[in-house]
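Enquirer: Provided herewith is a single structure, encoded as structure tokens, for subsequent inquiry.
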Amino acid sequence: MTLFDYKSEEAIGTVYSVDTGTVIVTVSDVEHLRSLQVNRLVVLRSSKAGQHLIGLINKITRKALAESIDEDSGEDVPEDITVVENIIRVVLIGTLLDMVGTTPNVFRRTLETVPEIDANCFVLEGERLTKFMQSISKSLQEGKQPLSLGTYTIDEDAEAWIDGNKFFQRHAVVVGSTGSGKSWSVARILEQVAELPNANAILFDIHGEYAPMRSDGIQHLRVAGPGDLDGSKNLDDGIVFLPYWLLTYEEMLALLLDRSDQNAPNQAMVFSREVTSAKRSKLEEEGKAEVLANFTVDSPVPYSLDTIMDRLIYLNEERVEGAKKGTTKAGDFNSKLSRFIQRLDAKRKDRRLTFLFGDPEHCMNYEWMPTLCTRLLGSTGQQDKGGVKIIDFSEVPSDILPLIIGLVARVVFSVQQWTLKENRHPIALVCDEAHLYIPARTEASAVNEAAVNNFERIAKEGRKYGVGLVVVSQRPAEVSRTVLSQCNNYVAMRLTNAEDQAVVRRLLPDSLGGFSDLLPILDIGEALVVGDCSMLPSRIRIEEPKTKPASATIEFWDEWSKDKASEGIADAVEYMRRQSKS
Ligand SMILES: Nc1ncnc2c1ncn2[C@@H]1O[C@H](COP(=O)(O)OP(=O)(O)OP(=O)(O)O)[C@@H](O)[C@H]1O
Ligand SMILES: [Mg+2]
């Protein structure tokens, strides 16, 4: 019945010393030592009956102790005097209780007791290991549809479940070098999310990789590109416009203001004044008295850029009455706004920014924003379109990508914050290629700053409002430290770069120091999973998703060996000119 019915003679060694979470075990027989491996599990008898401590082997050493050899005596020392010490260092990771109430074999991640000196140490392997892993899986699976990643590397018969609540609640990171299997892991997780009747998640798809993922629970949206300029397509066709009026004042300035211009403060001031007044007119027109009383320049209220432009041009050319009657002099802002007007005009004409400045009729409607937000925040149960929303940002120019994704994240978070508590439905934001738009502070530009602020805010406060982040990146060293340090779950795939390894190592609990040495030697599709969501720090072979992201690694040699080369270079050039593949 109990899992750990070890007999004393099965012991491989005994406890030599105990620290808070680490135990040194001396192994009597060198044969035993040979059979051990770092990162394998061992069982230690606890000081409490009915409990066993589970530990992870962290280090194996065989040491010859030289001091027993009398070097000065000059005599030949018989070999058998050399004392050899076989030692393993074990990090304790949890307790297995034989029985809790009526449930047998319950694993807990707490350490209420420590082993006593001379307590027996056993290896956890074979059938016992399988049973142990299964009992862990079972406890995670109970009563709910479980989230499965794949199987454990140490025991391929045991399915590796993780706790879906904890994974999204306290944010997660998925890291690994390029081609290590991050996008596939994300697909594996999201396809299970999509099966839930009330799923709610947004995936930022930077390369349009996730287009093949199709199921009832998934809907595909695409940020409008130059091809959508005519405005004939809208949300119902899966095309998302993110009109300029959704941007905050700071975000708008990040886009339009050249801070090195000596007139920058004047430009910012005039712009703020004009936007506020344009928003006021709109609110008056709509008869929104309550909003009028409290709105700010940042409030998401539609306004017409044409009006703003006209005003700016007027002020830039304005002449006012001079000191002497009948004369005129330059107005306060005369010629000071030229650069700003130029930049605004250039941005508005930039076809790549269609989604921002294309302002088709429907987006200028006051009632349009709730439609957008319902689409973004709605769960499967609230809209018949699927609660996992994959948003394709592949046509958004990379220089303003941080600003635009940050905008979506901010809108989602704010609406979630303003949703009454009883109506709040949790939502996860899955950020693939996060280093592109949640960059570390070192490369701060105005555009990056705005995006990072939004994500750092979500990382810090999201838990309270039911907004979970899943940060996916091949360069953790280039991702905002604040965001990473708020994540409590780590899915670390093969990682070869030393700088990135160091970042991951710092994130993992200290006691698992040795565990992260596995990072460079993991196989493709294999991950170290550590954190709240996983009972044990485990090495998991992630199973392939049902529909695979279109991110295949290209087989250079094979392709080069084919008789026929693929065509389409001329088309590509045209797409590049058009800034659209459609
Ligand atoms: N779980 C898996 N099992 C088997 N093969 C896998 C698995 N995951 C990934 N692969 C292989 O690795 C390739 C690259 O995977 P993926 O696109 O997920 O990498 P990535 O980590 O997202 O890379 P990048 O950082 O460049 O986006 C896949 O096309 C597939 O062939
Ligand atoms: Mg990827």
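Residues are named by chain letter and number: chains run A, B, ... in the order of the structure tokens, numbers start at 1 in each chain, and ligands are numbered from 1 in the order shown.
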Would you name the residues within 10 Å of ligand 2, counting only C-alpha atoms and all ligand atoms, and put them as a PyMOL selection string?

Expert: chain A and resi 175-187+205-207+209-210+432-433+472-474+549-552

Enquirer: Keeping only N, CA, C and O atoms, write the selected residues as a JSON list (two decimals), in the first residue's frame.

Expert:
[["chain", "number", "residue", "atom", "x", "y", "z"],
["A", 175, "VAL", "N", 11.96, 29.91, -21.70],
["A", 175, "VAL", "CA", 13.19, 30.37, -22.34],
["A", 175, "VAL", "C", 13.92, 29.21, -23.01],
["A", 175, "VAL", "O", 13.71, 28.05, -22.68],
["A", 176, "GLY", "N", 14.78, 29.54, -23.95],
["A", 176, "GLY", "CA", 15.55, 28.53, -24.66],
["A", 176, "GLY", "C", 16.13, 29.14, -25.92],
["A", 176, "GLY", "O", 15.53, 30.07, -26.47],
["A", 177, "SER", "N", 17.26, 28.63, -26.35],
["A", 177, "SER", "CA", 17.89, 29.16, -27.57],
["A", 177, "SER", "C", 16.95, 28.99, -28.75],
["A", 177, "SER", "O", 16.00, 28.22, -28.69],
["A", 178, "THR", "N", 17.28, 29.63, -29.84],
["A", 178, "THR", "CA", 16.41, 29.53, -31.02],
["A", 178, "THR", "C", 16.33, 28.07, -31.48],
["A", 178, "THR", "O", 17.33, 27.36, -31.49],
["A", 179, "GLY", "N", 15.14, 27.63, -31.80],
["A", 179, "GLY", "CA", 14.95, 26.26, -32.26],
["A", 179, "GLY", "C", 14.91, 25.21, -31.16],
["A", 179, "GLY", "O", 14.91, 24.02, -31.43],
["A", 180, "SER", "N", 14.85, 25.65, -29.90],
["A", 180, "SER", "CA", 14.86, 24.66, -28.81],
["A", 180, "SER", "C", 13.47, 24.10, -28.55],
["A", 180, "SER", "O", 13.32, 23.10, -27.86],
["A", 181, "GLY", "N", 12.44, 24.76, -29.09],
["A", 181, "GLY", "CA", 11.09, 24.21, -28.94],
["A", 181, "GLY", "C", 10.13, 25.06, -28.13],
["A", 181, "GLY", "O", 9.10, 24.56, -27.69],
["A", 182, "LYS", "N", 10.42, 26.35, -28.00],
["A", 182, "LYS", "CA", 9.53, 27.21, -27.20],
["A", 182, "LYS", "C", 8.16, 27.37, -27.84],
["A", 182, "LYS", "O", 7.14, 27.20, -27.18],
["A", 183, "SER", "N", 8.17, 27.69, -29.13],
["A", 183, "SER", "CA", 6.88, 27.95, -29.78],
["A", 183, "SER", "C", 6.02, 26.68, -29.78],
["A", 183, "SER", "O", 4.80, 26.75, -29.62],
["A", 184, "TRP", "N", 6.65, 25.55, -29.94],
["A", 184, "TRP", "CA", 5.88, 24.30, -29.89],
["A", 184, "TRP", "C", 5.31, 24.07, -28.50],
["A", 184, "TRP", "O", 4.19, 23.60, -28.36],
["A", 185, "SER", "N", 6.09, 24.39, -27.49],
["A", 185, "SER", "CA", 5.59, 24.23, -26.12],
["A", 185, "SER", "C", 4.40, 25.14, -25.89],
["A", 185, "SER", "O", 3.41, 24.75, -25.26],
["A", 186, "VAL", "N", 4.52, 26.37, -26.38],
["A", 186, "VAL", "CA", 3.42, 27.32, -26.24],
["A", 186, "VAL", "C", 2.18, 26.76, -26.93],
["A", 186, "VAL", "O", 1.07, 26.78, -26.38],
["A", 187, "ALA", "N", 2.37, 26.20, -28.12],
["A", 187, "ALA", "CA", 1.24, 25.63, -28.86],
["A", 187, "ALA", "C", 0.63, 24.47, -28.08],
["A", 187, "ALA", "O", -0.60, 24.34, -27.99],
["A", 205, "ASP", "N", 1.57, 37.01, -31.64],
["A", 205, "ASP", "CA", 2.29, 36.21, -32.62],
["A", 205, "ASP", "C", 3.05, 37.15, -33.55],
["A", 205, "ASP", "O", 2.46, 37.80, -34.41],
["A", 206, "ILE", "N", 4.35, 37.24, -33.37],
["A", 206, "ILE", "CA", 5.13, 38.27, -34.06],
["A", 206, "ILE", "C", 5.43, 37.87, -35.50],
["A", 206, "ILE", "O", 5.59, 38.71, -36.37],
["A", 207, "HIS", "N", 5.58, 36.58, -35.75],
["A", 207, "HIS", "CA", 5.96, 36.15, -37.10],
["A", 207, "HIS", "C", 4.82, 35.47, -37.86],
["A", 207, "HIS", "O", 5.05, 34.89, -38.91],
["A", 209, "GLU", "N", 3.52, 32.78, -36.94],
["A", 209, "GLU", "CA", 3.88, 31.35, -36.89],
["A", 209, "GLU", "C", 2.72, 30.46, -36.49],
["A", 209, "GLU", "O", 2.70, 29.28, -36.79],
["A", 210, "TYR", "N", 1.77, 31.03, -35.76],
["A", 210, "TYR", "CA", 0.76, 30.19, -35.16],
["A", 210, "TYR", "C", -0.49, 30.06, -36.02],
["A", 210, "TYR", "O", -1.50, 29.52, -35.58],
["A", 432, "ASP", "N", 5.17, 35.80, -27.06],
["A", 432, "ASP", "CA", 6.27, 35.12, -27.76],
["A", 432, "ASP", "C", 7.24, 36.18, -28.26],
["A", 432, "ASP", "O", 6.86, 37.31, -28.55],
["A", 433, "GLU", "N", 8.52, 35.82, -28.32],
["A", 433, "GLU", "CA", 9.58, 36.75, -28.74],
["A", 433, "GLU", "C", 9.56, 38.01, -27.88],
["A", 433, "GLU", "O", 9.66, 39.13, -28.38],
["A", 472, "VAL", "N", 7.87, 34.54, -23.28],
["A", 472, "VAL", "CA", 8.60, 33.54, -24.05],
["A", 472, "VAL", "C", 9.74, 34.24, -24.77],
["A", 472, "VAL", "O", 9.51, 35.22, -25.47],
["A", 473, "SER", "N", 10.98, 33.77, -24.57],
["A", 473, "SER", "CA", 12.08, 34.47, -25.23],
["A", 473, "SER", "C", 13.30, 33.59, -25.41],
["A", 473, "SER", "O", 13.59, 32.72, -24.61],
["A", 474, "GLN", "N", 14.03, 33.86, -26.48],
["A", 474, "GLN", "CA", 15.29, 33.15, -26.69],
["A", 474, "GLN", "C", 16.44, 33.93, -26.06],
["A", 474, "GLN", "O", 17.54, 33.42, -25.95],
["A", 549, "PRO", "N", 3.13, 24.88, -34.89],
["A", 549, "PRO", "CA", 3.38, 26.21, -35.41],
["A", 549, "PRO", "C", 4.26, 26.09, -36.67],
["A", 549, "PRO", "O", 5.07, 25.18, -36.78],
["A", 550, "ALA", "N", 4.09, 27.03, -37.59],
["A", 550, "ALA", "CA", 4.89, 27.01, -38.81],
["A", 550, "ALA", "C", 6.24, 27.65, -38.53],
["A", 550, "ALA", "O", 6.53, 28.75, -38.96],
["A", 551, "SER", "N", 7.04, 26.96, -37.75],
["A", 551, "SER", "CA", 8.31, 27.54, -37.35],
["A", 551, "SER", "C", 9.41, 26.53, -37.63],
["A", 551, "SER", "O", 10.45, 26.53, -37.00],
["A", 552, "ALA", "N", 9.14, 25.65, -38.59],
["A", 552, "ALA", "CA", 10.05, 24.53, -38.83],
["A", 552, "ALA", "C", 11.47, 25.01, -39.07],
["A", 552, "ALA", "O", 11.69, 26.04, -39.70]]

Enquirer: From the DSSP assignment of the backbone, select every residue of stretch 222-411 of chain A that is alpha helix (DSSP H), and format the answer as a ChimeraX atom specification.

Expert: /A:249-256,264-286,289-294,305-317,338-349,354-357,368-377,401-411

Enquirer: Give the answer as one residue: which of A:Glu543, A:Glu10, A:Asp563, A:Asp157 has the shortest atom-to-atom distance to ligand 1, using only C-alpha atoms and all ligand atoms?

Expert: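 Looking only at the distances to ligand 1, the closest residue turns out to be A:Glu543.
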
Enquirer: Can you tell me, as an MDAnalysis selection string, what residues are no more than 6 Å from stretch 394-406 of chain A when counting only C-alpha atoms, ignoring any on the same chain fewer than 6 positions away?

Expert: chainID A and resid 206:208 225 437 447:448 451 454

Enquirer: Could you give me, as a list in words, each residue of stretch 255-485 of chain A that DSSP assigns to strand (DSSP E or B) when run on this structure's backbone?

Expert: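 Taking stretch 255-485 of chain A and keeping strand (DSSP E or B) only, one gets Arg319, Val320, Glu321, Thr328, Lys329, Ala330, Val388, Lys389, Ile390, Ile391, Asp392, Ile427, Ala428, Leu429, Val430, Cys431, Pro439, Val467, Gly468, Leu469, Val470, Val471, Val472, Ser473 and Val479 of chain A.
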